[in-house]
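What follows is the content of final12.tsv, which has TSV, C-alpha atoms and all ligand atoms:
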chain	number	residue	atom	x	y	z
A	1	MET	CA	-11.33	7.00	20.96
A	2	GLU	CA	-9.50	5.63	23.96
A	3	ASN	CA	-10.94	2.82	25.95
A	4	ASN	CA	-9.90	2.63	29.55
A	5	GLN	CA	-9.86	-1.10	30.00
A	6	LYS	CA	-7.15	-2.90	28.10
A	7	ILE	CA	-8.27	-5.06	25.22
A	8	ALA	CA	-5.99	-7.85	24.07
A	9	ILE	CA	-6.97	-7.99	20.41
A	10	SER	CA	-8.56	-5.58	17.96
A	11	VAL	CA	-9.71	-7.16	14.73
A	12	VAL	CA	-9.99	-4.67	11.88
A	13	ILE	CA	-12.06	-5.70	8.89
A	14	PRO	CA	-12.54	-3.62	5.73
A	15	ALA	CA	-15.75	-4.58	3.99
A	16	LYS	CA	-17.30	-3.55	0.74
A	17	ASN	CA	-20.52	-5.33	-0.10
A	18	GLU	CA	-19.95	-8.29	2.19
A	19	ALA	CA	-23.40	-8.53	3.79
A	20	GLU	CA	-23.60	-12.32	3.40
A	21	SER	CA	-20.21	-12.97	4.92
A	22	LEU	CA	-20.23	-10.62	7.89
A	23	PRO	CA	-22.54	-12.52	10.29
A	24	GLU	CA	-20.68	-15.79	9.79
A	25	LEU	CA	-17.30	-14.11	10.12
A	26	CYS	CA	-18.14	-12.21	13.30
A	27	ARG	CA	-19.64	-15.32	14.87
A	28	TRP	CA	-16.55	-17.32	14.02
A	29	ILE	CA	-14.17	-14.71	15.42
A	30	ALA	CA	-16.23	-14.44	18.61
A	31	GLU	CA	-16.03	-18.20	19.02
A	32	VAL	CA	-12.26	-18.26	18.66
A	33	MET	CA	-11.87	-15.38	21.10
A	34	LYS	CA	-14.11	-17.02	23.66
A	35	LYS	CA	-12.32	-20.36	23.38
A	36	ASN	CA	-8.97	-18.66	24.03
A	37	HIS	CA	-10.22	-16.22	26.67
A	38	PHE	CA	-9.15	-13.11	24.79
A	39	SER	CA	-10.72	-9.74	25.45
A	40	TYR	CA	-11.36	-8.29	22.02
A	41	GLU	CA	-13.16	-5.89	19.76
A	42	ILE	CA	-14.09	-6.21	16.10
A	43	ILE	CA	-14.09	-3.02	14.06
A	44	VAL	CA	-15.71	-3.34	10.66
A	45	ILE	CA	-15.25	-0.50	8.21
A	46	ASP	CA	-18.04	-0.36	5.72
A	47	ASP	CA	-16.27	1.03	2.68
A	48	GLY	CA	-19.22	2.49	0.81
A	49	SER	CA	-21.20	-0.73	0.46
A	50	THR	CA	-24.20	-0.56	-1.81
A	51	ASP	CA	-25.76	-3.68	-0.32
A	52	ASN	CA	-27.13	-3.83	3.22
A	53	SER	CA	-23.79	-4.52	4.90
A	54	TRP	CA	-24.29	-1.67	7.36
A	55	GLN	CA	-27.75	-2.83	8.48
A	56	VAL	CA	-26.37	-6.33	8.91
A	57	LEU	CA	-23.53	-4.91	10.97
A	58	GLU	CA	-25.91	-3.00	13.20
A	59	GLU	CA	-27.78	-6.21	13.91
A	60	ILE	CA	-24.61	-8.13	14.68
A	61	SER	CA	-23.48	-5.34	16.96
A	62	GLN	CA	-26.69	-5.53	18.94
A	63	GLU	CA	-26.09	-9.19	19.65
A	64	ASN	CA	-22.37	-8.83	20.29
A	65	PRO	CA	-21.23	-5.65	22.05
A	66	ALA	CA	-17.64	-6.24	20.93
A	67	VAL	CA	-18.61	-5.53	17.33
A	68	LYS	CA	-18.14	-1.92	16.31
A	69	GLY	CA	-18.45	-0.17	13.00
A	70	ILE	CA	-17.36	2.76	10.90
A	71	ARG	CA	-19.28	3.67	7.80
A	72	PHE	CA	-17.76	5.67	4.97
A	73	SER	CA	-19.98	7.98	2.97
A	74	ARG	CA	-18.72	6.35	-0.20
A	75	ASN	CA	-16.12	3.86	-1.39
A	76	TYR	CA	-12.62	5.08	-0.51
A	77	GLY	CA	-10.71	1.83	-0.91
A	78	LYS	CA	-9.16	-0.79	1.32
A	79	SER	CA	-6.20	1.36	2.38
A	80	ALA	CA	-8.49	4.15	3.54
A	81	ALA	CA	-10.64	1.66	5.43
A	82	LEU	CA	-7.67	0.13	7.22
A	83	HIS	CA	-6.19	3.49	8.06
A	84	THR	CA	-9.44	4.74	9.54
A	85	GLY	CA	-9.96	1.56	11.52
A	86	PHE	CA	-6.44	1.78	12.93
A	87	GLN	CA	-7.19	5.22	14.40
A	88	ASP	CA	-9.86	3.75	16.63
A	89	VAL	CA	-8.32	0.48	17.82
A	90	SER	CA	-7.61	0.04	21.49
A	91	GLY	CA	-6.15	-3.48	21.55
A	92	GLU	CA	-2.57	-4.41	22.32
A	93	VAL	CA	-2.39	-6.56	19.22
A	94	ILE	CA	-4.14	-5.61	16.01
A	95	ILE	CA	-5.28	-8.22	13.52
A	96	THR	CA	-6.51	-7.29	10.06
A	97	MET	CA	-8.49	-9.69	7.96
A	98	ASP	CA	-10.69	-9.64	4.88
A	99	ALA	CA	-14.43	-9.75	5.33
A	100	ASP	CA	-15.03	-12.43	2.72
A	101	LEU	CA	-14.27	-15.50	4.87
A	102	GLN	CA	-11.16	-16.27	2.84
A	103	ASP	CA	-8.99	-15.67	5.90
A	104	ASP	CA	-9.32	-18.08	8.78
A	105	PRO	CA	-10.02	-16.72	12.29
A	106	GLU	CA	-8.49	-19.87	13.77
A	107	GLU	CA	-5.10	-18.31	13.00
A	108	ILE	CA	-5.68	-15.51	15.49
A	109	PRO	CA	-4.30	-17.13	18.67
A	110	GLU	CA	-1.01	-18.05	17.05
A	111	LEU	CA	-0.65	-14.63	15.43
A	112	TYR	CA	-1.34	-13.02	18.78
A	113	LYS	CA	1.36	-15.10	20.41
A	114	MET	CA	3.91	-14.18	17.76
A	115	ILE	CA	3.37	-10.47	18.43
A	116	LYS	CA	2.88	-10.59	22.16
A	117	THR	CA	5.32	-13.29	23.23
A	118	ASP	CA	7.83	-13.55	20.39
A	119	GLY	CA	8.00	-9.77	20.11
A	120	TYR	CA	7.45	-9.30	16.40
A	121	ASP	CA	6.25	-5.92	15.16
A	122	LEU	CA	4.36	-7.39	12.25
A	123	VAL	CA	3.40	-10.89	11.20
A	124	SER	CA	2.11	-11.26	7.67
A	125	GLY	CA	-0.03	-14.16	6.57
A	126	TRP	CA	1.28	-16.30	3.76
A	127	LYS	CA	-1.41	-17.91	1.66
A	128	GLN	CA	0.83	-20.70	0.53
A	129	ASN	CA	-2.09	-22.62	-0.81
A	130	ARG	CA	-3.98	-19.79	-2.38
A	131	GLN	CA	-7.58	-20.42	-3.36
A	132	ASP	CA	-7.86	-17.92	-6.16
A	133	PRO	CA	-7.81	-18.09	-9.98
A	134	LEU	CA	-4.48	-18.28	-11.84
A	135	SER	CA	-5.03	-14.84	-13.35
A	136	LYS	CA	-4.48	-13.55	-9.85
A	137	THR	CA	-1.83	-15.84	-8.48
A	138	ILE	CA	0.74	-15.50	-11.28
A	139	PRO	CA	0.94	-11.67	-11.33
A	140	THR	CA	0.98	-11.79	-7.56
A	141	LYS	CA	4.12	-13.94	-7.56
A	142	LEU	CA	5.82	-11.36	-9.73
A	143	PHE	CA	4.61	-8.54	-7.53
A	144	ASN	CA	5.91	-10.22	-4.41
A	145	GLY	CA	9.29	-10.90	-5.98
A	146	VAL	CA	9.75	-7.30	-7.06
A	147	THR	CA	8.60	-5.86	-3.75
A	148	SER	CA	10.82	-8.21	-1.82
A	149	LEU	CA	13.80	-7.29	-3.97
A	150	PHE	CA	13.28	-3.55	-3.67
A	151	SER	CA	12.40	-3.44	-0.02
A	152	GLY	CA	14.78	-6.05	1.29
A	153	ILE	CA	11.96	-7.68	3.25
A	154	LYS	CA	11.77	-11.40	2.81
A	155	LEU	CA	8.06	-12.13	2.55
A	156	HIS	CA	6.27	-14.43	0.15
A	157	ASP	CA	2.91	-12.71	0.31
A	158	PHE	CA	2.92	-8.97	0.95
A	159	ASN	CA	-0.72	-8.44	0.11
A	160	CYS	CA	-2.26	-11.02	2.42
A	161	GLY	CA	-5.25	-9.46	4.17
A	162	LEU	CA	-4.56	-11.43	7.32
A	163	LYS	CA	-1.85	-9.70	9.32
A	164	ALA	CA	-1.04	-9.04	12.94
A	165	TYR	CA	0.59	-5.93	14.34
A	166	ASN	CA	1.91	-4.51	17.50
A	167	ALA	CA	-0.46	-1.61	18.22
A	168	GLN	CA	2.38	0.88	17.92
A	169	VAL	CA	2.93	-0.03	14.30
A	170	VAL	CA	-0.57	0.78	13.12
A	171	LYS	CA	-0.63	4.04	15.04
A	172	ASN	CA	2.54	5.20	13.36
A	173	ILE	CA	2.15	4.43	9.70
A	174	GLU	CA	0.14	6.29	7.14
A	175	ILE	CA	-1.60	4.18	4.53
A	176	TYR	CA	-3.31	5.81	1.59
A	177	GLY	CA	-3.93	5.17	-2.09
A	178	GLU	CA	-3.41	1.46	-2.68
A	179	MET	CA	-0.64	1.19	-0.14
A	180	HIS	CA	-2.22	-1.55	1.91
A	181	ARG	CA	-0.11	-3.84	-0.26
A	182	TYR	CA	3.04	-2.34	1.17
A	183	ILE	CA	2.28	-2.17	4.86
A	184	PRO	CA	5.34	-4.29	5.71
A	185	VAL	CA	7.49	-1.85	3.75
A	186	LEU	CA	5.96	1.17	5.48
A	187	SER	CA	6.38	-0.59	8.81
A	188	LYS	CA	10.03	-1.27	8.19
A	189	TRP	CA	10.69	2.32	7.23
A	190	ALA	CA	8.87	3.59	10.28
A	191	GLY	CA	11.40	1.65	12.33
A	192	PHE	CA	9.33	-1.44	13.02
A	193	GLY	CA	11.52	-3.94	11.28
A	194	ARG	CA	10.84	-7.15	13.18
A	195	ILE	CA	8.74	-8.62	10.44
A	196	THR	CA	8.02	-12.23	9.73
A	197	GLU	CA	5.42	-14.41	8.09
A	198	LYS	CA	3.20	-17.27	9.07
A	199	LYS	CA	1.65	-19.77	6.71
A	200	VAL	CA	-2.10	-19.39	6.92
A	201	LYS	CA	-5.10	-21.29	5.67
A	202	HIS	CA	-6.94	-19.70	2.79
A	203	HIS	CA	-10.47	-20.48	1.69
A	204	PRO	CA	-12.14	-19.85	-1.64
A	205	ARG	CA	-14.54	-16.90	-1.67
A	206	LYS	CA	-17.88	-18.18	-0.43
A	207	TYR	CA	-20.19	-15.25	-1.16
A	208	GLY	CA	-19.99	-12.28	-3.49
A	209	VAL	CA	-17.21	-11.39	-5.92
A	210	THR	CA	-13.70	-9.96	-5.73
A	211	LYS	CA	-13.60	-6.19	-5.34
A	212	PHE	CA	-10.39	-5.67	-7.25
A	213	GLY	CA	-9.88	-5.72	-11.03
A	214	LEU	CA	-6.81	-5.79	-13.25
A	215	GLU	CA	-5.98	-2.16	-12.52
A	216	ARG	CA	-4.68	-3.37	-9.18
A	217	PHE	CA	-1.39	-4.28	-10.81
A	218	LEU	CA	-0.80	-0.92	-12.43
A	219	TYR	CA	-1.77	1.03	-9.33
A	220	GLY	CA	0.15	-1.36	-7.15
A	221	PHE	CA	3.29	-0.81	-9.16
A	222	LEU	CA	2.94	2.98	-9.18
A	223	ASP	CA	2.51	2.93	-5.43
A	224	LEU	CA	5.67	0.92	-5.05
A	225	VAL	CA	7.55	3.53	-7.06
A	226	SER	CA	6.09	6.26	-4.84
A	227	ILE	CA	7.01	4.49	-1.67
A	228	MET	CA	10.56	3.77	-2.73
A	229	PHE	CA	10.96	7.27	-3.93
A	230	VAL	CA	9.51	9.19	-1.06
A	231	SER	CA	11.11	7.07	1.60
A	232	LYS	CA	14.50	7.56	0.00
A	233	PHE	CA	14.38	11.22	-0.85
A	234	LYS	CA	11.69	12.90	1.20
A	235	LYS	CA	14.12	14.07	3.83
A	236	ARG	CA	16.80	15.12	1.37
A	237	PRO	CA	15.26	16.15	-1.91
A	238	MET	CA	18.37	18.07	-2.90
A	239	HIS	CA	20.33	14.85	-3.28
A	240	PHE	CA	17.87	13.74	-5.85
A	241	PHE	CA	17.23	17.01	-7.61
A	242	GLY	CA	20.88	17.92	-7.33
A	243	SER	CA	22.14	14.73	-8.98
A	244	LEU	CA	19.60	14.87	-11.76
A	245	GLY	CA	20.22	18.57	-12.25
A	246	ALA	CA	23.97	18.08	-12.38
A	247	LEU	CA	23.60	15.26	-14.86
A	248	SER	CA	21.37	17.30	-17.05
A	249	PHE	CA	23.60	20.35	-16.77
A	250	LEU	CA	26.76	18.41	-17.61
A	251	THR	CA	25.09	16.83	-20.63
A	252	GLY	CA	24.07	20.26	-21.83
A	253	MET	CA	27.57	21.60	-21.25
A	254	GLY	CA	29.08	18.64	-23.11
A	255	ILE	CA	26.91	19.20	-26.12
A	256	THR	CA	27.57	22.94	-26.09
A	257	VAL	CA	31.33	22.47	-25.91
A	258	TYR	CA	31.17	19.97	-28.76
A	259	LEU	CA	29.15	22.37	-30.87
A	260	ILE	CA	31.50	25.27	-30.14
A	261	ILE	CA	34.55	23.20	-31.13
A	262	GLN	CA	32.78	22.13	-34.29
A	263	LYS	CA	32.00	25.74	-35.09
A	264	ILE	CA	35.56	26.89	-34.46
A	265	GLN	CA	36.87	24.13	-36.69
A	266	GLN	CA	34.55	25.21	-39.45
A	267	LEU	CA	35.65	28.83	-39.08
A	268	THR	CA	39.32	27.87	-39.08
A	269	TYR	CA	39.49	25.32	-41.89
A	270	LYS	CA	36.63	26.64	-43.99
A	271	PRO	CA	35.46	23.33	-45.54
A	272	PRO	CA	33.38	23.48	-48.75
A	273	LEU	CA	29.89	24.85	-48.03
A	274	HIS	CA	28.04	21.60	-48.76
A	275	GLU	CA	29.99	19.85	-45.98
A	276	ILE	CA	28.87	22.30	-43.33
A	277	ARG	CA	25.92	21.11	-41.27
A	278	GLN	CA	24.34	23.65	-39.03
A	279	ILE	CA	23.83	22.68	-35.39
A	280	THR	CA	20.11	23.21	-35.70
A	281	GLU	CA	19.99	20.92	-38.73
A	282	GLN	CA	20.82	17.87	-36.65
A	283	PRO	CA	17.60	16.15	-35.54
A	284	ILE	CA	19.25	14.26	-32.70
A	285	PHE	CA	20.03	17.59	-31.07
A	286	TYR	CA	16.35	18.38	-30.69
A	287	LEU	CA	15.45	14.86	-29.64
A	288	ALA	CA	18.04	14.90	-26.88
A	289	LEU	CA	16.92	18.30	-25.76
A	290	VAL	CA	13.24	17.46	-25.61
A	291	ALA	CA	13.76	14.10	-23.91
A	292	LEU	CA	16.01	15.69	-21.33
A	293	ILE	CA	13.66	18.49	-20.44
A	294	MET	CA	10.62	16.23	-20.43
A	295	GLY	CA	12.27	13.68	-18.21
A	296	VAL	CA	13.38	16.20	-15.64
A	297	GLN	CA	10.00	17.89	-15.66
A	298	LEU	CA	8.08	14.67	-15.23
A	299	PHE	CA	10.19	13.51	-12.37
A	300	LEU	CA	9.96	16.86	-10.69
A	301	ALA	CA	6.22	16.98	-11.04
A	302	GLY	CA	5.76	13.44	-9.72
A	303	PHE	CA	8.07	13.93	-6.81
A	304	LEU	CA	6.69	17.28	-5.76
A	305	GLY	CA	3.18	15.89	-6.00
A	306	GLU	CA	4.10	12.97	-3.83
A	307	MET	CA	5.77	15.17	-1.25
A	308	ILE	CA	2.78	17.41	-1.05
A	309	THR	CA	0.51	14.42	-0.57
A	310	MET	CA	2.64	13.02	2.19
A	311	ASN	CA	2.90	16.32	4.00
A	312	SER	CA	-0.69	17.27	3.66
A	313	THR	CA	-2.87	16.75	6.68
A	314	LYS	CA	-5.56	15.91	4.21
A	315	THR	CA	-3.91	12.70	2.99
A	316	ASN	CA	-6.36	10.67	5.01
A	317	ASP	CA	-9.39	12.85	5.11
A	318	TYR	CA	-12.43	10.68	4.75
A	319	VAL	CA	-15.97	11.49	5.48
A	320	ILE	CA	-17.32	9.14	8.09
A	321	ARG	CA	-21.06	8.99	8.08
A	322	GLU	CA	-21.57	7.24	11.36
A	323	LYS	CA	-19.84	5.15	13.99
A	324	LEU	CA	-20.99	2.29	16.15
A	325	LYS	CA	-19.78	2.32	19.73
A	326	LEU	CA	-16.58	4.20	18.87
B	1	LIG	N1	-12.48	-4.08	0.20
B	1	LIG	C1	-12.78	-2.82	0.69
B	1	LIG	N2	-12.84	-1.77	-0.19
B	1	LIG	C2	-12.59	-1.91	-1.52
B	1	LIG	C3	-12.25	-3.19	-2.01
B	1	LIG	C4	-12.21	-4.26	-1.13
B	1	LIG	O1	-13.01	-2.66	1.87
B	1	LIG	O2	-12.67	-0.93	-2.27
B	1	LIG	C5	-12.42	-5.23	1.12
B	1	LIG	C6	-13.28	-6.40	0.73
B	1	LIG	O3	-14.62	-6.24	1.18
B	1	LIG	C7	-12.58	-7.54	1.39
B	1	LIG	C8	-11.12	-7.14	1.33
B	1	LIG	O4	-11.11	-5.74	1.10
B	1	LIG	O5	-12.96	-7.67	2.74
B	1	LIG	C9	-10.38	-7.88	0.23
B	1	LIG	O6	-11.09	-7.74	-0.98
B	1	LIG	P1	-11.30	-8.95	-1.98
B	1	LIG	O7	-11.63	-10.19	-1.23
B	1	LIG	O8	-12.28	-8.52	-3.01
B	1	LIG	O9	-9.87	-9.06	-2.62
B	1	LIG	P2	-9.17	-10.40	-3.14
B	1	LIG	O10	-9.34	-11.45	-2.07
B	1	LIG	O11	-9.88	-10.73	-4.39
B	1	LIG	O12	-7.75	-10.00	-3.34
B	2	MG	MG	-10.87	-12.05	-1.03
Take the structure in the file and write it out as structure tokens.
Amino acid sequence: MENNQKIAISVVIPAKNEAESLPELCRWIAEVMKKNHFSYEIIVIDDGSTDNSWQVLEEISQENPAVKGIRFSRNYGKSAALHTGFQDVSGEVIITMDADLQDDPEEIPELYKMIKTDGYDLVSGWKQNRQDPLSKTIPTKLFNGVTSLFSGIKLHDFNCGLKAYNAQVVKNIEIYGEMHRYIPVLSKWAGFGRITEKKVKHHPRKYGVTKFGLERFLYGFLDLVSIMFVSKFKKRPMHFFGSLGALSFLTGMGITVYLIIQKIQQLTYKPPLHEIRQITEQPIFYLALVALIMGVQLFLAGFLGEMITMNSTKTNDYVIREKLKL
């Protein structure tokens, strides 16, 4: 919903079971905003919490009118939460941060300046000194390297929860699935390519536990494939299908011609019977055939599915149970 008066900063916070952290976090943000004379709003998206996060949020909101909330009917994931929050922001600069107090609100003024004054579209936090277990930091390095390589965006830490955006960016990108990891990539492809990073402080988790398991890496990778794929071929699927189809067709033709020549040779020179091997007796023939058909089919299915998802108006169709002041 549109607010008439201009707000400088909207802070968007996805939260799943973060009841202990929320009061401290909101208080801290309010303090920073007050110190720097920013007009602001805080939008917390309760992503299907099973603790009393929503009640806590209602209490905070009573004390501080700038705190607003959106409550999902169940857990839809961080991407869904961010996307939904972005629809309701009215600030000029949007800051996202995690609810767990790992991101530091003191970074907000500098991030704001980088968007507002330096004119960046997106500033991503870089947790150079990351306060998380090794099991998380090592795969993350790999992830960042691959993403950077594929996307051509030079960032050290794509998945940092603390980011700042020009409002236009968040209104024009569509995040679903686990794509919150690739917001800089989506931003670049939407035409908002002034992207940079800022080293940010990172604290160990104070309350609660991490909400992501090992599956994050598999899903993360599959989403990267989707993004690369759709962004490249969505507008010209024939280039993709055409090339693959041609390749497959030529291979088939090649094999057929080879088999015909072989047959003609056999008919012409009539070798002894035991030397003749029927086409259908050669296992590799079937293997090649099956692999070819399977590959084409799989790619087709995946691509079509992805296109349908992207085109569907239902891509981001979440049930919102209630809203606070929005
Ligand atoms: N989160 C969410 N929905 C989810 C999982 C996580 O809204 O399904 C929120 C979570 O409450 C936190 C942020 O996303 O505010 C980052 O999650 P977490 O701190 O568990 O991730 P990590 O820091 O371990 O990468
Ligand atoms: Mg965290």
Distance filter 10 Å around ligand MG 2 (chain B), atoms: only C-alpha atoms and all ligand atoms, out as a list in words: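 Sorted by chain and then by number, the residues are Met97, Asp98, Ala99, Asp100, Leu101, Gln102, Asp103, Gln131, Asp132, Cys160, Gly161, His202, His203, Pro204, Arg205, Lys206, Tyr207, Gly208, Val209, Thr210, Lys211 and Phe212 of chain A.
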Counting all atoms listed in the file, the option among A:Ser10, A:Ser49, A:Asn311, A:Thr117 closest to ligand LIG 1 (chain B):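 The shortest atom-to-atom distance to ligand LIG 1 (chain B) comes from A:Ser49.
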Non-local contacts of Lys201 of chain A (9 Å; all atoms listed in the file; under 3 positions in same chain excluded) as a count of residues only: 11
Surrounding residues of segment 28-43 of chain A excluding itself and chain neighbours under 3 positions, 6 Å, only C-alpha atoms, as a count of residues only: 12
Point-to-point distance from atom CA of Leu122 of chain A to atom CA of Ala164 of chain A, Å rounded to tenths: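 One can read the atom CA of Leu122 of chain A to atom CA of Ala164 of chain A distance as 5.7 Å.
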Residue nearest His83 of chain A - candidates A:Gly177, A:Pro272, A:Gly191, A:Gly245, atoms counted: all atoms listed in the file: A:Gly177
Take every atom of ligand LIG 1 (chain B) listed in the file, fit an axis-aligned box around them, add 4 Å per side, and give the centre and edge lengths in Å to one decimal as AutoDock Vina command-line options.
--center_x -11.2 --center_y -6.2 --center_z -0.8 --size_x 14.9 --size_y 18.5 --size_z 15.1
Segment 318-326 of chain A environment, 8 Å, all atoms listed in the file, sequence neighbours closer than 2 positions dropped, as a VMD selection string: chain A and resid 1 58 68 to 73 76 80 88 316
Interatomic distance, atom CA of Leu134 of chain A to atom CA of Leu149 of chain A (Å, one decimal):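 Going from atom CA of Leu134 of chain A over to atom CA of Leu149 of chain A, I get 22.7 Å.
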Distance query Gly152 of chain A at most 10 Å, all atoms listed in the file, self and fewer than 6 positions along chain excluded, as a list in words: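 The filter keeps Val146, Val185 and Lys188 of chain A.
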Prev. selection, C-alpha atoms, output as a PDB file, in the coordinates of the input:
ATOM      1  CA  VAL A 146       9.750  -7.300  -7.060  1.00  0.00           C
ATOM      2  CA  VAL A 185       7.490  -1.850   3.750  1.00  0.00           C
ATOM      3  CA  LYS A 188      10.030  -1.270   8.190  1.00  0.00           C
TER       4      LYS A 188
END
Best match for closeness to ligand LIG 1 (chain B) among A:Leu300, A:Leu155, A:Ile115, A:Leu162, counting all atoms listed in the file: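 Of A:Leu300, A:Leu155, A:Ile115, A:Leu162, the one nearest ligand LIG 1 (chain B), counting all atoms listed in the file, is A:Leu162.
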Atom-to-atom span, atom CA of Leu259 of chain A and atom CA of Gln297 of chain A, Å: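 Interatomic distance, atom CA of Leu259 of chain A to atom CA of Gln297 of chain A: 24.9 Å.
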Distance criterion (all atoms listed in the file): nearest to ligand LIG 1 (chain B) out of A:Ile279, A:Leu244, A:Leu214, A:Val230: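 Of A:Ile279, A:Leu244, A:Leu214, A:Val230, the one nearest ligand LIG 1 (chain B) is A:Leu214, counting all atoms listed in the file.
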Residue nearest ligand LIG 1 (chain B) - candidates A:Ala19, A:Leu250, A:Ile138, A:Ala81, atoms counted: only C-alpha atoms and all ligand atoms: A:Ala81
Minimum-distance residue to ligand LIG 1 (chain B), chosen among A:Gly213, A:Lys141, A:Val93, A:Phe150 (using all atoms listed in the file):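 Comparing A:Gly213, A:Lys141, A:Val93, A:Phe150 against ligand LIG 1 (chain B), the winner is A:Gly213.
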